[in-house]
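Heads up, coords.pdb below (PDB, N, CA and C atoms):
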```pdb
ATOM      1  N   VAL A   2     103.396 -93.918  11.561
ATOM      2  CA  VAL A   2     103.247 -92.508  11.947
ATOM      3  C   VAL A   2     102.292 -92.424  13.146
ATOM      4  N   MET A   3     102.774 -91.869  14.227
ATOM      5  CA  MET A   3     101.929 -91.695  15.412
ATOM      6  C   MET A   3     101.045 -90.471  15.228
ATOM      7  N   MET A   4      99.771 -90.653  15.531
ATOM      8  CA  MET A   4      98.848 -89.524  15.434
ATOM      9  C   MET A   4      98.391 -89.171  16.838
ATOM     10  N   ASP A   5      98.220 -87.896  17.086
ATOM     11  CA  ASP A   5      97.718 -87.429  18.367
ATOM     12  C   ASP A   5      96.202 -87.362  18.270
ATOM     13  N   LEU A   6      95.525 -88.355  18.870
ATOM     14  CA  LEU A   6      94.062 -88.446  18.774
ATOM     15  C   LEU A   6      93.401 -87.985  20.061
ATOM     16  N   HIS A   7      92.334 -87.224  19.915
ATOM     17  CA  HIS A   7      91.531 -86.834  21.069
ATOM     18  C   HIS A   7      90.067 -87.077  20.707
ATOM     19  N   VAL A   8      89.406 -87.933  21.491
ATOM     20  CA  VAL A   8      88.019 -88.293  21.193
ATOM     21  C   VAL A   8      87.116 -87.730  22.287
ATOM     22  N   GLY A   9      85.936 -87.271  21.901
ATOM     23  CA  GLY A   9      85.041 -86.730  22.909
ATOM     24  C   GLY A   9      83.621 -86.553  22.415
ATOM     25  N   LEU A  10      82.821 -85.925  23.272
ATOM     26  CA  LEU A  10      81.409 -85.681  22.993
ATOM     27  C   LEU A  10      81.139 -84.201  23.240
ATOM     28  N   ASP A  11      80.496 -83.549  22.289
ATOM     29  CA  ASP A  11      80.117 -82.146  22.435
ATOM     30  C   ASP A  11      78.593 -82.089  22.433
ATOM     31  N   LYS A  12      78.010 -82.026  23.631
ATOM     32  CA  LYS A  12      76.547 -82.061  23.719
ATOM     33  C   LYS A  12      75.901 -80.803  23.130
ATOM     34  N   ASN A  13      76.606 -79.680  23.166
ATOM     35  CA  ASN A  13      76.045 -78.456  22.574
ATOM     36  C   ASN A  13      75.903 -78.600  21.067
ATOM     37  N   GLU A  14      76.906 -79.220  20.462
ATOM     38  CA  GLU A  14      76.890 -79.404  19.000
ATOM     39  C   GLU A  14      76.189 -80.712  18.597
ATOM     40  N   GLN A  15      75.765 -81.487  19.595
ATOM     41  CA  GLN A  15      75.184 -82.812  19.365
ATOM     42  C   GLN A  15      76.075 -83.626  18.423
ATOM     43  N   SER A  16      77.331 -83.780  18.843
ATOM     44  CA  SER A  16      78.237 -84.577  18.030
ATOM     45  C   SER A  16      79.325 -85.223  18.874
ATOM     46  N   PHE A  17      79.722 -86.393  18.442
ATOM     47  CA  PHE A  17      80.909 -87.055  18.963
ATOM     48  C   PHE A  17      82.012 -86.644  17.992
ATOM     49  N   TYR A  18      83.236 -86.537  18.458
ATOM     50  CA  TYR A  18      84.291 -86.107  17.555
ATOM     51  C   TYR A  18      85.622 -86.764  17.892
ATOM     52  N   VAL A  19      86.484 -86.765  16.918
ATOM     53  CA  VAL A  19      87.878 -87.126  17.151
ATOM     54  C   VAL A  19      88.710 -86.085  16.415
ATOM     55  N   THR A  20      89.640 -85.482  17.141
ATOM     56  CA  THR A  20      90.547 -84.546  16.487
ATOM     57  C   THR A  20      91.888 -85.255  16.340
ATOM     58  N   VAL A  21      92.523 -85.027  15.221
ATOM     59  CA  VAL A  21      93.794 -85.657  14.913
ATOM     60  C   VAL A  21      94.845 -84.575  14.748
ATOM     61  N   ASP A  22      95.901 -84.699  15.549
ATOM     62  CA  ASP A  22      96.998 -83.721  15.509
ATOM     63  C   ASP A  22      96.482 -82.285  15.630
ATOM     64  N   LYS A  23      95.415 -82.126  16.383
ATOM     65  CA  LYS A  23      94.817 -80.807  16.663
ATOM     66  C   LYS A  23      94.402 -80.013  15.419
ATOM     67  N   GLU A  24      94.403 -80.653  14.235
ATOM     68  CA  GLU A  24      94.008 -79.871  13.060
ATOM     69  C   GLU A  24      92.855 -80.460  12.277
ATOM     70  N   HIS A  25      92.740 -81.786  12.223
ATOM     71  CA  HIS A  25      91.650 -82.401  11.464
ATOM     72  C   HIS A  25      90.639 -82.980  12.442
ATOM     73  N   LYS A  26      89.372 -82.881  12.086
ATOM     74  CA  LYS A  26      88.324 -83.338  12.999
ATOM     75  C   LYS A  26      87.295 -84.181  12.254
ATOM     76  N   ALA A  27      87.035 -85.376  12.776
ATOM     77  CA  ALA A  27      85.973 -86.232  12.240
ATOM     78  C   ALA A  27      84.828 -86.183  13.253
ATOM     79  N   VAL A  28      83.605 -86.226  12.767
ATOM     80  CA  VAL A  28      82.465 -86.142  13.683
ATOM     81  C   VAL A  28      81.368 -87.143  13.340
ATOM     82  N   VAL A  29      80.614 -87.511  14.376
ATOM     83  CA  VAL A  29      79.365 -88.249  14.214
ATOM     84  C   VAL A  29      78.305 -87.329  14.811
ATOM     85  N   THR A  30      77.331 -86.941  13.996
ATOM     86  CA  THR A  30      76.275 -86.058  14.494
ATOM     87  C   THR A  30      75.056 -86.894  14.880
ATOM     88  N   TYR A  31      74.317 -86.388  15.867
ATOM     89  CA  TYR A  31      73.116 -87.100  16.303
ATOM     90  C   TYR A  31      72.018 -86.099  16.628
ATOM     91  N   ALA A  32      70.804 -86.611  16.702
ATOM     92  CA  ALA A  32      69.654 -85.815  17.140
ATOM     93  C   ALA A  32      68.922 -86.659  18.176
ATOM     94  N   ILE A  33      68.367 -86.008  19.180
ATOM     95  CA  ILE A  33      67.648 -86.741  20.228
ATOM     96  C   ILE A  33      66.153 -86.482  20.065
ATOM     97  N   ARG A  34      65.414 -87.575  19.910
ATOM     98  CA  ARG A  34      63.951 -87.471  19.834
ATOM     99  C   ARG A  34      63.357 -88.515  20.755
ATOM    100  N   ASP A  35      62.494 -88.070  21.661
ATOM    101  CA  ASP A  35      61.834 -88.973  22.616
ATOM    102  C   ASP A  35      62.854 -89.836  23.358
ATOM    103  N   GLY A  36      63.970 -89.234  23.736
ATOM    104  CA  GLY A  36      64.969 -89.959  24.521
ATOM    105  C   GLY A  36      65.859 -90.900  23.727
ATOM    106  N   VAL A  37      65.647 -90.968  22.428
ATOM    107  CA  VAL A  37      66.458 -91.847  21.577
ATOM    108  C   VAL A  37      67.467 -90.993  20.808
ATOM    109  N   TRP A  38      68.726 -91.441  20.816
ATOM    110  CA  TRP A  38      69.775 -90.733  20.066
ATOM    111  C   TRP A  38      69.832 -91.326  18.663
ATOM    112  N   TYR A  39      69.501 -90.513  17.664
ATOM    113  CA  TYR A  39      69.560 -90.939  16.263
ATOM    114  C   TYR A  39      70.914 -90.517  15.695
ATOM    115  N   LEU A  40      71.727 -91.504  15.359
ATOM    116  CA  LEU A  40      73.075 -91.241  14.839
ATOM    117  C   LEU A  40      72.942 -90.980  13.348
ATOM    118  N   GLU A  41      73.103 -89.714  12.959
ATOM    119  CA  GLU A  41      72.723 -89.298  11.620
ATOM    120  C   GLU A  41      73.834 -89.351  10.578
ATOM    121  N   HIS A  42      74.979 -88.760  10.903
ATOM    122  CA  HIS A  42      76.045 -88.669   9.893
ATOM    123  C   HIS A  42      77.416 -88.913  10.496
ATOM    124  N   THR A  43      78.288 -89.508   9.709
ATOM    125  CA  THR A  43      79.701 -89.602  10.066
ATOM    126  C   THR A  43      80.451 -88.809   9.010
ATOM    127  N   LEU A  44      81.211 -87.824   9.461
ATOM    128  CA  LEU A  44      81.964 -86.976   8.541
ATOM    129  C   LEU A  44      83.450 -87.115   8.851
ATOM    130  N   VAL A  45      84.185 -87.677   7.908
ATOM    131  CA  VAL A  45      85.630 -87.843   8.071
ATOM    132  C   VAL A  45      86.310 -87.052   6.961
ATOM    133  N   PRO A  46      87.139 -86.067   7.327
ATOM    134  CA  PRO A  46      87.806 -85.284   6.287
ATOM    135  C   PRO A  46      88.678 -86.152   5.391
ATOM    136  N   HIS A  47      88.809 -85.732   4.158
ATOM    137  CA  HIS A  47      89.601 -86.455   3.165
ATOM    138  C   HIS A  47      90.996 -86.808   3.694
ATOM    139  N   GLU A  48      91.615 -85.879   4.427
ATOM    140  CA  GLU A  48      92.975 -86.099   4.949
ATOM    141  C   GLU A  48      93.051 -87.296   5.887
ATOM    142  N   LEU A  49      91.921 -87.656   6.488
ATOM    143  CA  LEU A  49      91.925 -88.742   7.475
ATOM    144  C   LEU A  49      91.380 -90.055   6.921
ATOM    145  N   SER A  50      90.851 -90.028   5.703
ATOM    146  CA  SER A  50      90.209 -91.245   5.201
ATOM    147  C   SER A  50      91.237 -92.360   5.015
ATOM    148  N   GLY A  51      90.797 -93.581   5.288
ATOM    149  CA  GLY A  51      91.674 -94.740   5.129
ATOM    150  C   GLY A  51      92.642 -94.948   6.269
ATOM    151  N   LYS A  52      92.506 -94.190   7.353
ATOM    152  CA  LYS A  52      93.425 -94.320   8.493
ATOM    153  C   LYS A  52      92.767 -94.978   9.705
ATOM    154  N   GLY A  53      91.544 -95.465   9.526
ATOM    155  CA  GLY A  53      90.855 -96.134  10.632
ATOM    156  C   GLY A  53      90.238 -95.177  11.645
ATOM    157  N   ILE A  54      90.207 -93.889  11.304
ATOM    158  CA  ILE A  54      89.679 -92.889  12.231
ATOM    159  C   ILE A  54      88.174 -93.069  12.428
ATOM    160  N   GLY A  55      87.459 -93.334  11.331
ATOM    161  CA  GLY A  55      86.009 -93.543  11.422
ATOM    162  C   GLY A  55      85.676 -94.699  12.352
ATOM    163  N   GLY A  56      86.452 -95.768  12.256
ATOM    164  CA  GLY A  56      86.237 -96.935  13.115
ATOM    165  C   GLY A  56      86.503 -96.631  14.583
ATOM    166  N   LYS A  57      87.561 -95.869  14.838
ATOM    167  CA  LYS A  57      87.868 -95.488  16.235
ATOM    168  C   LYS A  57      86.751 -94.633  16.807
ATOM    169  N   LEU A  58      86.253 -93.714  15.981
ATOM    170  CA  LEU A  58      85.173 -92.835  16.421
ATOM    171  C   LEU A  58      83.899 -93.649  16.653
ATOM    172  N   ALA A  59      83.595 -94.560  15.743
ATOM    173  CA  ALA A  59      82.402 -95.405  15.889
ATOM    174  C   ALA A  59      82.477 -96.223  17.175
ATOM    175  N   LYS A  60      83.642 -96.797  17.466
ATOM    176  CA  LYS A  60      83.818 -97.588  18.697
ATOM    177  C   LYS A  60      83.541 -96.720  19.918
ATOM    178  N   TYR A  61      84.073 -95.503  19.912
ATOM    179  CA  TYR A  61      83.846 -94.588  21.033
ATOM    180  C   TYR A  61      82.352 -94.288  21.194
ATOM    181  N   VAL A  62      81.681 -94.008  20.086
ATOM    182  CA  VAL A  62      80.248 -93.694  20.112
ATOM    183  C   VAL A  62      79.463 -94.842  20.743
ATOM    184  N   PHE A  63      79.675 -96.069  20.233
ATOM    185  CA  PHE A  63      78.891 -97.210  20.724
ATOM    186  C   PHE A  63      79.259 -97.581  22.162
ATOM    187  N   ASP A  64      80.545 -97.441  22.514
ATOM    188  CA  ASP A  64      80.950 -97.698  23.903
ATOM    189  C   ASP A  64      80.269 -96.698  24.840
ATOM    190  N   TYR A  65      80.248 -95.434  24.433
ATOM    191  CA  TYR A  65      79.634 -94.384  25.258
ATOM    192  C   TYR A  65      78.145 -94.652  25.454
ATOM    193  N   LEU A  66      77.440 -94.938  24.364
ATOM    194  CA  LEU A  66      75.997 -95.166  24.434
ATOM    195  C   LEU A  66      75.674 -96.385  25.292
ATOM    196  N   SER A  67      76.479 -97.427  25.145
ATOM    197  CA  SER A  67      76.277 -98.654  25.909
ATOM    198  C   SER A  67      76.548 -98.411  27.400
ATOM    199  N   GLU A  68      77.652 -97.742  27.683
ATOM    200  CA  GLU A  68      78.046 -97.460  29.067
ATOM    201  C   GLU A  68      76.990 -96.618  29.788
ATOM    202  N   HIS A  69      76.392 -95.668  29.070
ATOM    203  CA  HIS A  69      75.394 -94.785  29.675
ATOM    204  C   HIS A  69      73.961 -95.278  29.456
ATOM    205  N   LYS A  70      73.845 -96.490  28.910
ATOM    206  CA  LYS A  70      72.533 -97.127  28.689
ATOM    207  C   LYS A  70      71.568 -96.199  27.950
ATOM    208  N   ILE A  71      72.088 -95.607  26.866
ATOM    209  CA  ILE A  71      71.299 -94.675  26.059
ATOM    210  C   ILE A  71      70.702 -95.431  24.866
ATOM    211  N   ALA A  72      69.403 -95.269  24.666
ATOM    212  CA  ALA A  72      68.750 -95.885  23.504
ATOM    213  C   ALA A  72      69.167 -95.111  22.262
ATOM    214  N   TYR A  73      69.483 -95.840  21.188
ATOM    215  CA  TYR A  73      69.921 -95.157  19.969
ATOM    216  C   TYR A  73      69.481 -95.923  18.738
ATOM    217  N   LYS A  74      69.541 -95.234  17.614
ATOM    218  CA  LYS A  74      69.275 -95.855  16.320
ATOM    219  C   LYS A  74      70.279 -95.286  15.330
ATOM    220  N   SER A  75      70.988 -96.191  14.634
ATOM    221  CA  SER A  75      71.937 -95.751  13.615
ATOM    222  C   SER A  75      71.196 -95.500  12.312
ATOM    223  N   ILE A  76      71.354 -94.300  11.781
ATOM    224  CA  ILE A  76      70.773 -93.948  10.482
ATOM    225  C   ILE A  76      71.897 -93.901   9.446
ATOM    226  N   CYS A  77      73.047 -93.416   9.884
ATOM    227  CA  CYS A  77      74.225 -93.312   9.030
ATOM    228  C   CYS A  77      74.653 -94.694   8.536
ATOM    229  N   THR A  78      74.837 -94.845   7.226
ATOM    230  CA  THR A  78      75.177 -96.156   6.654
ATOM    231  C   THR A  78      76.525 -96.678   7.151
ATOM    232  N   PHE A  79      77.482 -95.783   7.387
ATOM    233  CA  PHE A  79      78.789 -96.202   7.903
ATOM    234  C   PHE A  79      78.626 -96.863   9.274
ATOM    235  N   LEU A  80      77.814 -96.253  10.151
ATOM    236  CA  LEU A  80      77.630 -96.793  11.500
ATOM    237  C   LEU A  80      76.829 -98.091  11.475
ATOM    238  N   VAL A  81      75.848 -98.177  10.581
ATOM    239  CA  VAL A  81      75.071 -99.415  10.442
ATOM    240  C   VAL A  81      76.020-100.548  10.034
ATOM    241  N   ALA A  82      76.877-100.282   9.061
ATOM    242  CA  ALA A  82      77.843-101.296   8.576
ATOM    243  C   ALA A  82      78.831-101.656   9.690
ATOM    244  N   TYR A  83      79.283-100.668  10.450
ATOM    245  CA  TYR A  83      80.228-100.908  11.559
ATOM    246  C   TYR A  83      79.590-101.839  12.588
ATOM    247  N   GLU A  84      78.339-101.543  12.956
ATOM    248  CA  GLU A  84      77.631-102.374  13.940
ATOM    249  C   GLU A  84      77.487-103.814  13.442
ATOM    250  N   GLN A  85      77.140-103.983  12.172
ATOM    251  CA  GLN A  85      76.953-105.324  11.627
ATOM    252  C   GLN A  85      78.259-106.098  11.676
ATOM    253  N   LYS A  86      79.374-105.427  11.388
ATOM    254  CA  LYS A  86      80.686-106.087  11.462
ATOM    255  C   LYS A  86      80.988-106.535  12.868
ATOM    256  N   GLN A  87      80.645-105.704  13.857
ATOM    257  CA  GLN A  87      80.922-106.040  15.266
ATOM    258  C   GLN A  87      80.097-107.246  15.695
ATOM    259  N   VAL A  88      78.841-107.267  15.262
ATOM    260  CA  VAL A  88      77.927-108.368  15.621
ATOM    261  C   VAL A  88      78.426-109.671  15.006
ATOM    262  N   ALA A  89      78.969-109.561  13.795
ATOM    263  CA  ALA A  89      79.444-110.753  13.068
ATOM    264  C   ALA A  89      80.680-111.379  13.719
ATOM    265  N   LYS A  90      81.401-110.616  14.532
ATOM    266  CA  LYS A  90      82.644-111.116  15.135
ATOM    267  C   LYS A  90      82.366-112.179  16.179
TER
END
```

Please render this file's structure as structure tokens.
Amino acid sequence: VMMDLHVGLDKNEQSFYVTVDKEHKAVVTYAIRDGVWYLEHTLVPHELSGKGIGGKLAKYVFDYLSEHKIAYKSICTFLVAYEQKQVAK
């Protein structure tokens, strides 16, 4: 099943997001303190769970932060686990 994915960053809402088929939205929320982006929560709606959406969103988040040389700290357990898996590869 092809899904229509749109990934982005909403600085007003302090969140990265992915919308699927224009109806479901997964988000990673962050807070900025002293120039560091603290990645706080990953919220994936039940309808999207198990479809790899969280992983796609996490990849986008880390690629964005790396590309823009932004200091960050993962607080969300999902993102911490995702990072550890990437490092292990």

Secondary structure check, alpha helix (DSSP H) residues of chain A, as a ChimeraX atom specification:
/A:54-68,78-89

Axis-aligned box over every listed atom of segment 54-72 of chain A, padded by 4 Å per side: centre and edges in Å to one decimal, as lines of an AutoDock Vina configuration file?
```
center_x = 79.5
center_y = -95.7
center_z = 20.5
size_x = 29.5
size_y = 13.8
size_z = 26.5
```

Report as JSON, numbers by chain all protein, DNA and RNA residues lying within 8 Å of segment 67-78 of chain A, evaluated on all atoms listed in the file, omitting residues in the same chain fewer than 2 positions from it.
{"A": [36, 37, 38, 39, 40, 41, 42, 43, 61, 62, 63, 64, 65, 80, 81, 82, 83, 84]}

Selected residues written out, N, CA and C atoms, as an mmCIF file, in the coordinates of the input:
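The result, written out as out_33.cif:
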```cif
data_model
loop_
_atom_site.group_PDB
_atom_site.id
_atom_site.type_symbol
_atom_site.label_atom_id
_atom_site.label_comp_id
_atom_site.auth_asym_id
_atom_site.auth_seq_id
_atom_site.Cartn_x
_atom_site.Cartn_y
_atom_site.Cartn_z
ATOM 1 N N GLY A 36 63.970 -89.234 23.736
ATOM 2 C CA GLY A 36 64.969 -89.959 24.521
ATOM 3 C C GLY A 36 65.859 -90.900 23.727
ATOM 4 N N VAL A 37 65.647 -90.968 22.428
ATOM 5 C CA VAL A 37 66.458 -91.847 21.577
ATOM 6 C C VAL A 37 67.467 -90.993 20.808
ATOM 7 N N TRP A 38 68.726 -91.441 20.816
ATOM 8 C CA TRP A 38 69.775 -90.733 20.066
ATOM 9 C C TRP A 38 69.832 -91.326 18.663
ATOM 10 N N TYR A 39 69.501 -90.513 17.664
ATOM 11 C CA TYR A 39 69.560 -90.939 16.263
ATOM 12 C C TYR A 39 70.914 -90.517 15.695
ATOM 13 N N LEU A 40 71.727 -91.504 15.359
ATOM 14 C CA LEU A 40 73.075 -91.241 14.839
ATOM 15 C C LEU A 40 72.942 -90.980 13.348
ATOM 16 N N GLU A 41 73.103 -89.714 12.959
ATOM 17 C CA GLU A 41 72.723 -89.298 11.620
ATOM 18 C C GLU A 41 73.834 -89.351 10.578
ATOM 19 N N HIS A 42 74.979 -88.760 10.903
ATOM 20 C CA HIS A 42 76.045 -88.669 9.893
ATOM 21 C C HIS A 42 77.416 -88.913 10.496
ATOM 22 N N THR A 43 78.288 -89.508 9.709
ATOM 23 C CA THR A 43 79.701 -89.602 10.066
ATOM 24 C C THR A 43 80.451 -88.809 9.010
ATOM 25 N N TYR A 61 84.073 -95.503 19.912
ATOM 26 C CA TYR A 61 83.846 -94.588 21.033
ATOM 27 C C TYR A 61 82.352 -94.288 21.194
ATOM 28 N N VAL A 62 81.681 -94.008 20.086
ATOM 29 C CA VAL A 62 80.248 -93.694 20.112
ATOM 30 C C VAL A 62 79.463 -94.842 20.743
ATOM 31 N N PHE A 63 79.675 -96.069 20.233
ATOM 32 C CA PHE A 63 78.891 -97.210 20.724
ATOM 33 C C PHE A 63 79.259 -97.581 22.162
ATOM 34 N N ASP A 64 80.545 -97.441 22.514
ATOM 35 C CA ASP A 64 80.950 -97.698 23.903
ATOM 36 C C ASP A 64 80.269 -96.698 24.840
ATOM 37 N N TYR A 65 80.248 -95.434 24.433
ATOM 38 C CA TYR A 65 79.634 -94.384 25.258
ATOM 39 C C TYR A 65 78.145 -94.652 25.454
ATOM 40 N N LEU A 80 77.814 -96.253 10.151
ATOM 41 C CA LEU A 80 77.630 -96.793 11.500
ATOM 42 C C LEU A 80 76.829 -98.091 11.475
ATOM 43 N N VAL A 81 75.848 -98.177 10.581
ATOM 44 C CA VAL A 81 75.071 -99.415 10.442
ATOM 45 C C VAL A 81 76.020 -100.548 10.034
ATOM 46 N N ALA A 82 76.877 -100.282 9.061
ATOM 47 C CA ALA A 82 77.843 -101.296 8.576
ATOM 48 C C ALA A 82 78.831 -101.656 9.690
ATOM 49 N N TYR A 83 79.283 -100.668 10.450
ATOM 50 C CA TYR A 83 80.228 -100.908 11.559
ATOM 51 C C TYR A 83 79.590 -101.839 12.588
ATOM 52 N N GLU A 84 78.339 -101.543 12.956
ATOM 53 C CA GLU A 84 77.631 -102.374 13.940
ATOM 54 C C GLU A 84 77.487 -103.814 13.442
#
```

Could you pull out the residues in chain A that DSSP calls strand (DSSP E) from the backbone, as a PyMOL selection string?
chain A and resi 6-11+16-21+25-34+37-44+73-75

Tell me, in Å to one decimal, how far atom N of Leu66 of chain A is from atom N of Val29 of chain A.
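So the answer is 12.8 Å.
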
Run the PyMOL selection byres ((chain A and resi 8-25) around 8) against the file shown and list the residues it catches, as a list in words.
Met3, Met4, Asp5, Leu6, His7, Lys26, Ala27, Val28, Val29, Thr30, Tyr31, Ala32, Ile33, Pro46, Glu48, Leu49, Ile54, Lys57, Leu58, Tyr61 and Val62 of chain A

One number please: atom CA of Arg34 of chain A to atom CA of Ala89 of chain A, in Å, one decimal.
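Atom-to-atom, atom CA of Arg34 of chain A to atom CA of Ala89 of chain A, that is 28.8 Å.
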
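Atom N of Val88 of chain A is found 20.7 Å from atom N of Gly51 of chain A.
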
Kindly add N, CA, C and O atoms to the incomplete segment 64-76 of chain A and provide the output as an mmCIF file, in the frame of the given file.
```
data_model
loop_
_atom_site.group_PDB
_atom_site.id
_atom_site.type_symbol
_atom_site.label_atom_id
_atom_site.label_comp_id
_atom_site.auth_asym_id
_atom_site.auth_seq_id
_atom_site.Cartn_x
_atom_site.Cartn_y
_atom_site.Cartn_z
ATOM 1 N N ASP A 64 80.545 -97.441 22.514
ATOM 2 C CA ASP A 64 80.950 -97.698 23.903
ATOM 3 C C ASP A 64 80.269 -96.698 24.840
ATOM 4 O O ASP A 64 79.774 -97.061 25.905
ATOM 5 N N TYR A 65 80.248 -95.434 24.433
ATOM 6 C CA TYR A 65 79.634 -94.384 25.258
ATOM 7 C C TYR A 65 78.145 -94.652 25.454
ATOM 8 O O TYR A 65 77.626 -94.597 26.576
ATOM 9 N N LEU A 66 77.440 -94.938 24.364
ATOM 10 C CA LEU A 66 75.997 -95.166 24.434
ATOM 11 C C LEU A 66 75.674 -96.385 25.292
ATOM 12 O O LEU A 66 74.739 -96.362 26.096
ATOM 13 N N SER A 67 76.479 -97.427 25.145
ATOM 14 C CA SER A 67 76.277 -98.654 25.909
ATOM 15 C C SER A 67 76.548 -98.411 27.400
ATOM 16 O O SER A 67 75.752 -98.792 28.262
ATOM 17 N N GLU A 68 77.652 -97.742 27.683
ATOM 18 C CA GLU A 68 78.046 -97.460 29.067
ATOM 19 C C GLU A 68 76.990 -96.618 29.788
ATOM 20 O O GLU A 68 76.722 -96.813 30.962
ATOM 21 N N HIS A 69 76.392 -95.668 29.070
ATOM 22 C CA HIS A 69 75.394 -94.785 29.675
ATOM 23 C C HIS A 69 73.961 -95.278 29.456
ATOM 24 O O HIS A 69 73.011 -94.560 29.763
ATOM 25 N N LYS A 70 73.845 -96.490 28.910
ATOM 26 C CA LYS A 70 72.533 -97.127 28.689
ATOM 27 C C LYS A 70 71.568 -96.199 27.950
ATOM 28 O O LYS A 70 70.417 -96.017 28.335
ATOM 29 N N ILE A 71 72.088 -95.607 26.866
ATOM 30 C CA ILE A 71 71.299 -94.675 26.059
ATOM 31 C C ILE A 71 70.702 -95.431 24.866
ATOM 32 O O ILE A 71 71.413 -96.156 24.171
ATOM 33 N N ALA A 72 69.403 -95.269 24.666
ATOM 34 C CA ALA A 72 68.750 -95.885 23.504
ATOM 35 C C ALA A 72 69.167 -95.111 22.262
ATOM 36 O O ALA A 72 69.228 -93.887 22.280
ATOM 37 N N TYR A 73 69.483 -95.840 21.188
ATOM 38 C CA TYR A 73 69.921 -95.157 19.969
ATOM 39 C C TYR A 73 69.481 -95.923 18.738
ATOM 40 O O TYR A 73 69.099 -97.088 18.805
ATOM 41 N N LYS A 74 69.541 -95.234 17.614
ATOM 42 C CA LYS A 74 69.275 -95.855 16.320
ATOM 43 C C LYS A 74 70.279 -95.286 15.330
ATOM 44 O O LYS A 74 70.425 -94.078 15.214
ATOM 45 N N SER A 75 70.988 -96.191 14.634
ATOM 46 C CA SER A 75 71.937 -95.751 13.615
ATOM 47 C C SER A 75 71.196 -95.500 12.312
ATOM 48 O O SER A 75 70.499 -96.380 11.815
ATOM 49 N N ILE A 76 71.354 -94.300 11.781
ATOM 50 C CA ILE A 76 70.773 -93.948 10.482
ATOM 51 C C ILE A 76 71.897 -93.901 9.446
ATOM 52 O O ILE A 76 71.743 -94.316 8.313
#
```
